[in-house]
Amino acid sequence: GAGVSQSPRYKVAKRGQDVALRCDPISGHVSLFWYQQALGQGPEFLTYFQNEAQLDKSGLPSDRFFAERPEGSVSTLKIQRTQQEDSAVYLCASTDGSSYEQYFGPGTRLTVT
Amino acid sequence: RKEVEQDPGPFNVPEGATVAFNCTYSNSASQSFFWYRQDCRKEPKLLMSVYSSGNEDGRFTAQLNRASQYISLLIRDSKLSDSATYLCVVNLLGNQGGKLIFGQGTELSVKP
């Protein structure tokens with residue numbers, strides 16, 4: 001079946017621009033996670049949804065970062081007034097809740113110039 | 001101090017070699033443990049879960065020492081296709097919602 005998809009795959013933004021990154025989880029997956037992966041580092045947790053409820057946003061680095069999942073399926077990560085330090089790969093993962101395995105999407109590579 | 005620490009490598013080994021990766025974690029409340037594999041410019045994929053009793057999947061063996069908060073991965077008879085970054089991962093249960101905490105990753109390069 002279809003895996004997790006993310007769009008766009010690549011995004012170049014000028015410093016100060018707003019960006020929106022989309023994640024389509026595997027159909028029926030209740031839990032959705034966003035991670036940020038800087039070059040040469042492991043992914044770092046940003047936020048977590050169970051259905052439409054955002055249960056943990058402790059990893060969001062600043063109030064410029066905002067995530068939503070209004071209908072409990074597709075999620076959007078929005079970054080306002082992008083800064084160069086926001087350049088990273090943003091990974092989305094989903095799980096059906098019956099196991100700990102998280103299925104990752106291909107990521108969105110964001111470059112802020 | 002990072003919650004999960006790994007030697008970033010790179011480990012450069014010849015085909016057929018045995019290679020071992022180690023990892024330590026700081027949170028004693030960690031409940032689940034994994035090794036993920038990440039190919040260059042790709043997403044992480046689960047390689048195997050790690051159990052206290054140790055577990056094996058073909059050429060791969062994983063071990064967990066809860067007392068020392070130490071996780072290991074052994075790869076026997078390395079193949080060229082094993083070249084990748086190996087991520088040590090822990091998971092905290094409860095209201096943390098199962099978020100994964102990743103190490104920096106250990107890069108492996110298997111040469112002919």
# chains A, B, ... in the order shown; residues from 1 in each chain; ligands from 1
>>> select_by_dssp(residues="chain B", states="strand (DSSP E)", output="CSV table (one decimal) with all heavy atoms, in the first residue's frame")
chain,number,residue,atom,x,y,z
B,4,VAL,N,20.9,10.3,23.6
B,4,VAL,CA,21.4,9.0,23.0
B,4,VAL,C,22.7,9.4,22.3
B,4,VAL,O,22.7,10.3,21.5
B,4,VAL,CB,20.4,8.5,22.0
B,4,VAL,CG1,20.9,7.2,21.3
B,4,VAL,CG2,19.0,8.2,22.6
B,5,GLU,N,23.7,8.7,22.7
B,5,GLU,CA,25.1,9.0,22.2
B,5,GLU,C,25.6,7.8,21.4
B,5,GLU,O,25.6,6.7,21.8
B,5,GLU,CB,26.0,9.3,23.3
B,5,GLU,CG,25.6,10.6,24.0
B,5,GLU,CD,26.7,11.4,24.6
B,5,GLU,OE1,27.7,11.6,23.8
B,5,GLU,OE2,26.7,11.8,25.7
B,6,GLN,N,26.2,8.1,20.2
B,6,GLN,CA,26.8,7.2,19.3
B,6,GLN,C,28.1,7.7,18.8
B,6,GLN,O,28.2,8.9,18.6
B,6,GLN,CB,25.9,6.9,18.1
B,6,GLN,CG,24.6,6.2,18.3
B,6,GLN,CD,23.9,6.1,17.0
B,6,GLN,OE1,22.9,6.7,16.7
B,6,GLN,NE2,24.4,5.1,16.2
B,11,PHE,N,32.9,4.3,10.0
B,11,PHE,CA,33.6,3.0,10.0
B,11,PHE,C,33.8,2.5,8.6
B,11,PHE,O,32.8,2.4,7.9
B,11,PHE,CB,32.7,2.0,10.8
B,11,PHE,CG,32.7,2.1,12.3
B,11,PHE,CD1,32.3,3.3,12.9
B,11,PHE,CD2,33.0,1.1,13.1
B,11,PHE,CE1,32.2,3.5,14.2
B,11,PHE,CE2,33.0,1.2,14.5
B,11,PHE,CZ,32.6,2.4,15.0
B,12,ASN,N,35.0,2.3,8.2
B,12,ASN,CA,35.3,1.8,6.9
B,12,ASN,C,35.8,0.4,7.0
B,12,ASN,O,36.9,0.2,7.7
B,12,ASN,CB,36.4,2.7,6.2
B,12,ASN,CG,35.9,4.1,6.0
B,12,ASN,OD1,34.9,4.3,5.4
B,12,ASN,ND2,36.6,5.1,6.6
B,13,VAL,N,35.1,-0.6,6.5
B,13,VAL,CA,35.5,-2.0,6.7
B,13,VAL,C,35.4,-2.7,5.3
B,13,VAL,O,34.7,-2.3,4.4
B,13,VAL,CB,34.5,-2.7,7.7
B,13,VAL,CG1,34.5,-2.0,9.0
B,13,VAL,CG2,33.1,-2.8,7.1
B,14,PRO,N,36.2,-3.8,5.2
B,14,PRO,CA,36.2,-4.5,3.9
B,14,PRO,C,35.0,-5.5,4.0
B,14,PRO,O,34.4,-5.8,5.0
B,14,PRO,CB,37.5,-5.3,4.0
B,14,PRO,CG,37.8,-5.5,5.4
B,14,PRO,CD,37.2,-4.2,6.1
B,19,VAL,N,31.5,-6.0,12.2
B,19,VAL,CA,31.6,-4.6,12.7
B,19,VAL,C,30.6,-4.5,13.8
B,19,VAL,O,29.5,-5.0,13.7
B,19,VAL,CB,31.4,-3.6,11.6
B,19,VAL,CG1,30.1,-3.7,10.9
B,19,VAL,CG2,31.6,-2.2,12.1
B,20,ALA,N,30.9,-3.7,14.8
B,20,ALA,CA,30.0,-3.5,16.0
B,20,ALA,C,29.9,-2.0,16.3
B,20,ALA,O,30.8,-1.3,16.2
B,20,ALA,CB,30.6,-4.2,17.2
B,21,PHE,N,28.6,-1.7,16.5
B,21,PHE,CA,28.3,-0.3,16.9
B,21,PHE,C,27.8,-0.3,18.3
B,21,PHE,O,27.0,-1.2,18.7
B,21,PHE,CB,27.2,0.3,16.0
B,21,PHE,CG,27.6,0.3,14.5
B,21,PHE,CD1,26.6,-0.1,13.6
B,21,PHE,CD2,28.8,0.6,14.1
B,21,PHE,CE1,26.9,-0.1,12.2
B,21,PHE,CE2,29.1,0.5,12.7
B,21,PHE,CZ,28.2,0.2,11.8
B,22,ASN,N,28.1,0.8,19.0
B,22,ASN,CA,27.6,0.9,20.4
B,22,ASN,C,26.9,2.2,20.6
B,22,ASN,O,27.1,3.2,19.8
B,22,ASN,CB,28.8,0.8,21.4
B,22,ASN,CG,29.6,-0.4,21.2
B,22,ASN,OD1,29.1,-1.5,21.1
B,22,ASN,ND2,30.9,-0.3,21.1
B,23,CYS,N,26.1,2.2,21.6
B,23,CYS,CA,25.2,3.4,21.9
B,23,CYS,C,24.9,3.4,23.4
B,23,CYS,O,24.7,2.3,24.0
B,23,CYS,CB,24.0,3.2,21.0
B,23,CYS,SG,22.5,4.1,21.5
B,24,THR,N,24.9,4.6,23.9
B,24,THR,CA,24.4,4.7,25.3
B,24,THR,C,23.3,5.7,25.4
B,24,THR,O,23.2,6.6,24.6
B,24,THR,CB,25.5,5.2,26.2
B,24,THR,OG1,26.0,6.5,25.8
B,24,THR,CG2,26.7,4.2,26.3
B,25,TYR,N,22.4,5.5,26.3
B,25,TYR,CA,21.2,6.4,26.5
B,25,TYR,C,21.2,6.9,28.0
B,25,TYR,O,21.6,6.1,28.9
B,25,TYR,CB,19.9,5.7,26.1
B,25,TYR,CG,19.5,4.5,26.9
B,25,TYR,CD1,18.7,4.6,28.0
B,25,TYR,CD2,20.0,3.2,26.5
B,25,TYR,CE1,18.4,3.4,28.7
B,25,TYR,CE2,19.7,2.1,27.2
B,25,TYR,CZ,18.9,2.2,28.3
B,25,TYR,OH,18.5,1.0,29.0
B,32,SER,N,11.7,1.3,25.1
B,32,SER,CA,11.8,0.5,23.9
B,32,SER,C,13.0,1.0,23.1
B,32,SER,O,13.4,2.2,23.2
B,32,SER,CB,10.6,0.7,23.0
B,32,SER,OG,9.4,0.3,23.7
B,33,PHE,N,13.6,0.1,22.4
B,33,PHE,CA,14.9,0.4,21.8
B,33,PHE,C,15.0,-0.2,20.4
B,33,PHE,O,14.5,-1.3,20.1
B,33,PHE,CB,16.0,-0.3,22.7
B,33,PHE,CG,15.9,0.1,24.1
B,33,PHE,CD1,15.1,-0.7,25.0
B,33,PHE,CD2,16.5,1.2,24.6
B,33,PHE,CE1,15.0,-0.3,26.3
B,33,PHE,CE2,16.4,1.6,26.0
B,33,PHE,CZ,15.6,0.8,26.8
B,34,PHE,N,15.6,0.5,19.5
B,34,PHE,CA,15.6,0.2,18.1
B,34,PHE,C,16.9,0.5,17.5
B,34,PHE,O,17.6,1.5,17.9
B,34,PHE,CB,14.5,0.9,17.3
B,34,PHE,CG,13.2,0.8,18.0
B,34,PHE,CD1,12.8,1.9,18.9
B,34,PHE,CD2,12.3,-0.2,17.8
B,34,PHE,CE1,11.5,1.8,19.5
B,34,PHE,CE2,11.1,-0.3,18.4
B,34,PHE,CZ,10.7,0.8,19.3
B,35,TRP,N,17.2,-0.1,16.3
B,35,TRP,CA,18.2,0.4,15.4
B,35,TRP,C,17.4,0.7,14.1
B,35,TRP,O,16.7,-0.2,13.6
B,35,TRP,CB,19.3,-0.7,15.1
B,35,TRP,CG,20.3,-0.8,16.2
B,35,TRP,CD1,20.3,-1.7,17.2
B,35,TRP,CD2,21.4,0.1,16.5
B,35,TRP,NE1,21.3,-1.5,18.1
B,35,TRP,CE2,22.0,-0.4,17.6
B,35,TRP,CE3,21.9,1.2,15.8
B,35,TRP,CZ2,23.2,0.2,18.2
B,35,TRP,CZ3,23.0,1.8,16.3
B,35,TRP,CH2,23.7,1.3,17.5
B,36,TYR,N,17.7,1.9,13.6
B,36,TYR,CA,17.1,2.3,12.3
B,36,TYR,C,18.3,2.4,11.4
B,36,TYR,O,19.4,2.7,11.7
B,36,TYR,CB,16.4,3.6,12.4
B,36,TYR,CG,14.9,3.5,12.8
B,36,TYR,CD1,14.5,3.2,14.0
B,36,TYR,CD2,14.0,3.9,11.8
B,36,TYR,CE1,13.2,3.1,14.4
B,36,TYR,CE2,12.6,3.8,12.2
B,36,TYR,CZ,12.2,3.4,13.4
B,36,TYR,OH,10.9,3.4,13.8
B,37,ARG,N,18.0,2.2,10.1
B,37,ARG,CA,19.0,2.4,9.0
B,37,ARG,C,18.6,3.6,8.2
B,37,ARG,O,17.4,3.7,7.8
B,37,ARG,CB,19.1,1.1,8.2
B,37,ARG,CG,19.9,1.3,7.0
B,37,ARG,CD,19.8,0.1,6.0
B,37,ARG,NE,20.4,0.4,4.8
B,37,ARG,CZ,21.3,-0.4,4.1
B,37,ARG,NH1,21.7,-1.5,4.7
B,37,ARG,NH2,21.8,0.0,3.0
B,38,GLN,N,19.5,4.4,7.8
B,38,GLN,CA,19.2,5.5,6.9
B,38,GLN,C,20.3,5.6,5.8
B,38,GLN,O,21.4,5.8,6.0
B,38,GLN,CB,19.2,6.9,7.7
B,38,GLN,CG,18.7,8.0,6.9
B,38,GLN,CD,18.5,9.3,7.7
B,38,GLN,OE1,19.1,9.5,8.7
B,38,GLN,NE2,17.6,10.1,7.2
B,44,PRO,N,14.8,7.4,7.4
B,44,PRO,CA,15.1,6.3,8.3
B,44,PRO,C,14.1,5.1,8.1
B,44,PRO,O,12.9,5.3,8.0
B,44,PRO,CB,15.1,6.8,9.7
B,44,PRO,CG,15.0,8.3,9.5
B,44,PRO,CD,14.4,8.6,8.2
B,45,LYS,N,14.6,3.9,8.2
B,45,LYS,CA,13.8,2.7,8.2
B,45,LYS,C,14.2,1.8,9.3
B,45,LYS,O,15.4,1.6,9.6
B,45,LYS,CB,13.9,2.0,6.9
B,45,LYS,CG,13.3,2.8,5.7
B,45,LYS,CD,13.3,2.0,4.4
B,45,LYS,CE,12.7,2.8,3.3
B,45,LYS,NZ,12.7,2.2,2.0
B,46,LEU,N,13.2,1.2,9.9
B,46,LEU,CA,13.5,0.3,11.1
B,46,LEU,C,14.3,-0.9,10.6
B,46,LEU,O,13.9,-1.6,9.7
B,46,LEU,CB,12.2,-0.2,11.7
B,46,LEU,CG,12.3,-1.2,12.8
B,46,LEU,CD1,12.9,-0.5,14.0
B,46,LEU,CD2,10.9,-1.7,13.2
B,47,LEU,N,15.4,-1.1,11.3
B,47,LEU,CA,16.2,-2.3,11.0
B,47,LEU,C,15.8,-3.4,11.9
B,47,LEU,O,15.5,-4.5,11.5
B,47,LEU,CB,17.7,-2.0,11.2
B,47,LEU,CG,18.7,-3.1,11.1
B,47,LEU,CD1,18.7,-3.6,9.6
B,47,LEU,CD2,20.1,-2.7,11.5
B,48,MET,N,15.8,-3.1,13.2
B,48,MET,CA,15.3,-4.1,14.2
B,48,MET,C,15.1,-3.5,15.5
B,48,MET,O,15.7,-2.5,15.9
B,48,MET,CB,16.3,-5.3,14.3
B,48,MET,CG,17.7,-4.9,14.7
B,48,MET,SD,19.0,-6.2,14.4
B,48,MET,CE,18.3,-7.5,15.4
B,49,SER,N,14.2,-4.1,16.3
B,49,SER,CA,14.0,-3.8,17.7
B,49,SER,C,15.0,-4.5,18.5
B,49,SER,O,15.7,-5.4,18.0
B,49,SER,CB,12.6,-4.2,18.1
B,49,SER,OG,11.6,-3.6,17.4
B,50,VAL,N,15.2,-4.0,19.7
B,50,VAL,CA,16.3,-4.5,20.6
B,50,VAL,C,15.6,-5.0,21.9
B,50,VAL,O,15.0,-4.2,22.5
B,50,VAL,CB,17.4,-3.5,20.9
B,50,VAL,CG1,18.5,-4.2,21.6
B,50,VAL,CG2,17.9,-2.8,19.6
B,55,ASN,N,18.7,-10.2,20.5
B,55,ASN,CA,17.9,-10.8,19.4
B,55,ASN,C,18.8,-10.7,18.1
B,55,ASN,O,19.6,-9.8,17.9
B,55,ASN,CB,16.6,-10.1,19.2
B,55,ASN,CG,16.6,-8.6,19.2
B,55,ASN,OD1,17.0,-8.0,20.1
B,55,ASN,ND2,16.2,-8.0,18.0
B,56,GLU,N,18.5,-11.6,17.2
B,56,GLU,CA,19.2,-11.8,16.0
B,56,GLU,C,18.3,-11.8,14.8
B,56,GLU,O,17.2,-12.3,14.9
B,56,GLU,CB,20.0,-13.1,16.1
B,56,GLU,CG,21.0,-13.4,15.0
B,56,GLU,CD,21.8,-14.6,15.3
B,56,GLU,OE1,22.4,-14.8,16.4
B,56,GLU,OE2,21.8,-15.5,14.5
B,57,ASP,N,18.8,-11.2,13.7
B,57,ASP,CA,18.0,-11.2,12.4
B,57,ASP,C,19.0,-11.4,11.3
B,57,ASP,O,19.6,-10.5,10.9
B,57,ASP,CB,17.2,-9.9,12.3
B,57,ASP,CG,16.4,-9.9,11.0
B,57,ASP,OD1,16.4,-11.0,10.3
B,57,ASP,OD2,15.7,-8.9,10.8
B,60,PHE,N,22.5,-9.8,11.6
B,60,PHE,CA,22.5,-8.7,12.5
B,60,PHE,C,22.1,-9.2,13.9
B,60,PHE,O,21.1,-10.0,14.0
B,60,PHE,CB,21.4,-7.6,12.1
B,60,PHE,CG,21.8,-7.0,10.7
B,60,PHE,CD1,21.4,-7.6,9.5
B,60,PHE,CD2,22.4,-5.8,10.7
B,60,PHE,CE1,21.7,-7.1,8.3
B,60,PHE,CE2,22.7,-5.2,9.5
B,60,PHE,CZ,22.4,-5.8,8.3
B,61,THR,N,22.9,-8.8,14.9
B,61,THR,CA,22.5,-9.1,16.3
B,61,THR,C,22.5,-7.9,17.1
B,61,THR,O,23.4,-7.0,17.1
B,61,THR,CB,23.6,-10.1,16.9
B,61,THR,OG1,23.7,-11.3,16.1
B,61,THR,CG2,23.3,-10.4,18.3
B,62,ALA,N,21.5,-7.7,17.9
B,62,ALA,CA,21.3,-6.5,18.8
B,62,ALA,C,21.3,-7.0,20.2
B,62,ALA,O,20.8,-8.0,20.5
B,62,ALA,CB,20.0,-5.8,18.4
B,63,GLN,N,21.9,-6.2,21.1
B,63,GLN,CA,21.9,-6.4,22.5
B,63,GLN,C,21.6,-5.2,23.3
B,63,GLN,O,21.9,-4.1,22.8
B,63,GLN,CB,23.4,-6.9,22.9
B,63,GLN,CG,23.8,-8.2,22.3
B,63,GLN,CD,23.4,-9.4,23.1
B,63,GLN,OE1,22.8,-9.3,24.2
B,63,GLN,NE2,23.7,-10.6,22.6
B,64,LEU,N,20.9,-5.4,24.4
B,64,LEU,CA,20.6,-4.3,25.3
B,64,LEU,C,21.0,-4.6,26.7
B,64,LEU,O,20.8,-5.8,27.2
B,64,LEU,CB,19.0,-4.1,25.3
B,64,LEU,CG,18.4,-3.3,26.4
B,64,LEU,CD1,18.9,-1.8,26.2
B,64,LEU,CD2,16.9,-3.4,26.4
B,65,ASN,N,21.7,-3.7,27.4
B,65,ASN,CA,22.1,-3.8,28.8
B,65,ASN,C,21.4,-2.7,29.5
B,65,ASN,O,21.9,-1.5,29.5
B,65,ASN,CB,23.6,-3.8,28.9
B,65,ASN,CG,24.1,-4.0,30.3
B,65,ASN,OD1,23.4,-3.5,31.3
B,65,ASN,ND2,25.1,-4.8,30.5
B,70,TYR,N,23.0,0.6,27.7
B,70,TYR,CA,24.0,0.4,26.6
B,70,TYR,C,23.3,-0.5,25.6
B,70,TYR,O,22.7,-1.5,25.9
B,70,TYR,CB,25.2,-0.2,27.2
B,70,TYR,CG,26.3,-0.7,26.3
B,70,TYR,CD1,27.3,0.2,25.9
B,70,TYR,CD2,26.2,-2.0,25.7
B,70,TYR,CE1,28.3,-0.3,25.1
B,70,TYR,CE2,27.2,-2.4,24.9
B,70,TYR,CZ,28.3,-1.6,24.6
B,70,TYR,OH,29.2,-2.0,23.7
B,71,ILE,N,23.4,-0.1,24.3
B,71,ILE,CA,22.8,-0.9,23.2
B,71,ILE,C,23.9,-1.1,22.2
B,71,ILE,O,24.7,-0.3,22.0
B,71,ILE,CB,21.7,-0.1,22.6
B,71,ILE,CG1,20.6,0.4,23.6
B,71,ILE,CG2,21.0,-0.9,21.5
B,71,ILE,CD1,19.7,1.5,23.1
B,72,SER,N,23.9,-2.3,21.6
B,72,SER,CA,24.9,-2.6,20.6
B,72,SER,C,24.2,-3.3,19.4
B,72,SER,O,23.1,-3.8,19.4
B,72,SER,CB,25.9,-3.5,21.2
B,72,SER,OG,25.4,-4.8,21.5
B,73,LEU,N,24.9,-3.1,18.3
B,73,LEU,CA,24.5,-3.8,17.0
B,73,LEU,C,25.8,-4.4,16.4
B,73,LEU,O,26.8,-3.8,16.3
B,73,LEU,CB,23.9,-2.8,16.0
B,73,LEU,CG,23.5,-3.3,14.7
B,73,LEU,CD1,22.3,-4.3,14.8
B,73,LEU,CD2,23.2,-2.2,13.7
B,74,LEU,N,25.7,-5.7,16.1
B,74,LEU,CA,26.8,-6.4,15.5
B,74,LEU,C,26.3,-6.8,14.1
B,74,LEU,O,25.3,-7.4,13.9
B,74,LEU,CB,27.1,-7.7,16.3
B,74,LEU,CG,28.3,-8.5,15.8
B,74,LEU,CD1,29.6,-7.8,16.2
B,74,LEU,CD2,28.3,-9.9,16.5
B,75,ILE,N,27.2,-6.5,13.1
B,75,ILE,CA,26.9,-7.0,11.7
B,75,ILE,C,28.0,-7.9,11.3
B,75,ILE,O,29.2,-7.6,11.3
B,75,ILE,CB,26.9,-5.8,10.8
B,75,ILE,CG1,25.9,-4.7,11.2
B,75,ILE,CG2,26.5,-6.2,9.3
B,75,ILE,CD1,25.9,-3.4,10.4
B,84,ALA,N,25.6,2.5,5.0
B,84,ALA,CA,24.5,3.4,5.4
B,84,ALA,C,24.8,4.0,6.7
B,84,ALA,O,25.9,3.7,7.3
B,84,ALA,CB,23.2,2.5,5.6
B,85,THR,N,23.9,4.8,7.3
B,85,THR,CA,24.1,5.3,8.6
B,85,THR,C,23.1,4.6,9.5
B,85,THR,O,22.0,4.4,9.2
B,85,THR,CB,23.7,6.8,8.7
B,85,THR,OG1,24.7,7.5,7.9
B,85,THR,CG2,23.8,7.3,10.1
B,86,TYR,N,23.6,4.1,10.7
B,86,TYR,CA,22.8,3.3,11.6
B,86,TYR,C,22.5,4.2,12.8
B,86,TYR,O,23.4,4.7,13.5
B,86,TYR,CB,23.6,2.0,12.0
B,86,TYR,CG,23.7,1.1,10.8
B,86,TYR,CD1,24.7,1.3,9.8
B,86,TYR,CD2,22.8,0.1,10.6
B,86,TYR,CE1,24.7,0.5,8.7
B,86,TYR,CE2,22.8,-0.7,9.5
B,86,TYR,CZ,23.8,-0.5,8.6
B,86,TYR,OH,23.8,-1.4,7.5
B,87,LEU,N,21.2,4.3,13.0
B,87,LEU,CA,20.7,5.2,14.1
B,87,LEU,C,20.3,4.4,15.3
B,87,LEU,O,19.4,3.5,15.1
B,87,LEU,CB,19.6,6.1,13.6
B,87,LEU,CG,19.9,7.0,12.4
B,87,LEU,CD1,18.6,7.4,11.6
B,87,LEU,CD2,20.5,8.3,13.0
B,88,CYS,N,20.8,4.7,16.4
B,88,CYS,CA,20.3,4.1,17.7
B,88,CYS,C,19.2,4.9,18.2
B,88,CYS,O,19.2,6.2,18.2
B,88,CYS,CB,21.5,4.1,18.7
B,88,CYS,SG,21.1,3.5,20.3
B,89,VAL,N,18.1,4.3,18.6
B,89,VAL,CA,16.8,5.0,18.9
B,89,VAL,C,16.2,4.4,20.1
B,89,VAL,O,16.2,3.2,20.3
B,89,VAL,CB,15.8,4.8,17.7
B,89,VAL,CG1,14.6,5.7,17.9
B,89,VAL,CG2,16.5,5.2,16.4
B,90,VAL,N,15.7,5.3,21.0
B,90,VAL,CA,15.0,4.9,22.2
B,90,VAL,C,13.6,5.5,22.2
B,90,VAL,O,13.4,6.6,21.5
B,90,VAL,CB,15.7,5.2,23.5
B,90,VAL,CG1,17.1,4.6,23.5
B,90,VAL,CG2,15.8,6.7,23.8
B,91,ASN,N,12.7,5.0,22.9
B,91,ASN,CA,11.3,5.4,23.0
B,91,ASN,C,10.9,5.5,24.4
B,91,ASN,O,11.1,4.5,25.2
B,91,ASN,CB,10.5,4.4,22.2
B,91,ASN,CG,9.0,4.7,22.2
B,91,ASN,OD1,8.4,4.4,23.2
B,91,ASN,ND2,8.4,5.3,21.2
B,100,LEU,N,10.2,9.2,19.2
B,100,LEU,CA,11.5,8.5,19.2
B,100,LEU,C,12.6,9.5,19.4
B,100,LEU,O,12.6,10.6,19.0
B,100,LEU,CB,11.7,7.9,17.8
B,100,LEU,CG,10.7,6.8,17.4
B,100,LEU,CD1,11.0,6.3,16.0
B,100,LEU,CD2,10.7,5.7,18.4
B,101,ILE,N,13.6,9.0,20.2
B,101,ILE,CA,14.8,9.9,20.4
B,101,ILE,C,16.0,9.2,19.7
B,101,ILE,O,16.3,8.0,20.1
B,101,ILE,CB,15.1,10.0,21.9
B,101,ILE,CG1,13.8,10.6,22.6
B,101,ILE,CG2,16.3,10.8,22.2
B,101,ILE,CD1,13.8,10.5,24.1
B,102,PHE,N,16.6,9.9,18.8
B,102,PHE,CA,17.6,9.3,17.9
B,102,PHE,C,19.0,9.8,18.4
B,102,PHE,O,19.2,10.9,18.9
B,102,PHE,CB,17.5,9.9,16.5
B,102,PHE,CG,16.3,9.3,15.8
B,102,PHE,CD1,15.0,9.8,16.0
B,102,PHE,CD2,16.5,8.3,14.9
B,102,PHE,CE1,13.9,9.3,15.3
B,102,PHE,CE2,15.4,7.7,14.2
B,102,PHE,CZ,14.1,8.3,14.4
B,106,THR,N,25.7,6.4,13.2
B,106,THR,CA,27.1,5.9,12.9
B,106,THR,C,27.1,5.5,11.5
B,106,THR,O,26.3,4.7,11.0
B,106,THR,CB,27.4,4.7,13.8
B,106,THR,OG1,27.4,5.0,15.2
B,106,THR,CG2,28.8,4.2,13.4
B,107,GLU,N,28.1,6.2,10.8
B,107,GLU,CA,28.2,5.9,9.3
B,107,GLU,C,29.1,4.7,9.1
B,107,GLU,O,30.2,4.5,9.6
B,107,GLU,CB,28.8,7.1,8.7
B,107,GLU,CG,28.9,7.0,7.1
B,107,GLU,CD,29.6,8.2,6.5
B,107,GLU,OE1,29.7,9.3,7.2
B,107,GLU,OE2,30.0,8.1,5.3
B,108,LEU,N,28.6,3.8,8.3
B,108,LEU,CA,29.3,2.6,7.9
B,108,LEU,C,29.5,2.6,6.4
B,108,LEU,O,28.6,2.8,5.6
B,108,LEU,CB,28.5,1.3,8.2
B,108,LEU,CG,29.1,0.0,7.7
B,108,LEU,CD1,30.4,-0.3,8.4
B,108,LEU,CD2,28.1,-1.2,8.0
B,109,SER,N,30.8,2.3,6.0
B,109,SER,CA,31.1,2.2,4.6
B,109,SER,C,31.8,0.9,4.4
B,109,SER,O,32.9,0.6,5.0
B,109,SER,CB,32.0,3.4,4.1
B,109,SER,OG,32.4,3.2,2.8
B,110,VAL,N,31.2,0.0,3.6
B,110,VAL,CA,31.8,-1.3,3.3
B,110,VAL,C,32.4,-1.3,2.0
B,110,VAL,O,31.8,-0.9,1.0
B,110,VAL,CB,30.7,-2.4,3.4
B,110,VAL,CG1,31.3,-3.8,3.1
B,110,VAL,CG2,30.0,-2.4,4.7
B,111,LYS,N,33.7,-1.6,1.9
B,111,LYS,CA,34.5,-1.5,0.7
B,111,LYS,C,34.7,-2.9,0.1
B,111,LYS,O,34.9,-3.9,0.8
B,111,LYS,CB,35.8,-0.8,0.9
B,111,LYS,CG,35.7,0.5,1.6
B,111,LYS,CD,35.1,1.6,0.7
B,111,LYS,CE,35.2,3.0,1.4
B,111,LYS,NZ,34.5,4.0,0.6
>>> interface_residues(of="chain A", to="chain B", cutoff="8 Å", atoms="only C-alpha atoms", output="PyMOL selection string")
chain A and resi 33+40-45+48+55-56+91+100-107
>>> closest_residue(among="B:Ala67, B:Glu3, B:Gly54, B:Gly9", to="Asn27 of chain B", atoms="only C-alpha atoms")
B:Glu3
>>> closest_residue(among="A:Ala2, A:Val112, A:Leu60, A:Ala67", to="Gln36 of chain A", atoms="only C-alpha atoms")
A:Leu60
>>> residues_around(residues="Ala20 of chain A", least_positions_apart="3", cutoff="8 Å", atoms="only C-alpha atoms", output="JSON, numbers by chain")
{"A": [76, 77, 78, 79]}
>>> closest_residue(among="A:Thr108, A:Thr113, A:Ser94, A:Thr82", to="Gln17 of chain A", atoms="only C-alpha atoms")
A:Thr82
>>> atom_distance(atom1="atom CA of Ser99 of chain A", atom2="atom CA of Pro25 of chain A")
15.7 Å
>>> atom_distance(atom1="atom CA of Ala13 of chain A", atom2="atom CA of Arg64 of chain A")
14.7 Å
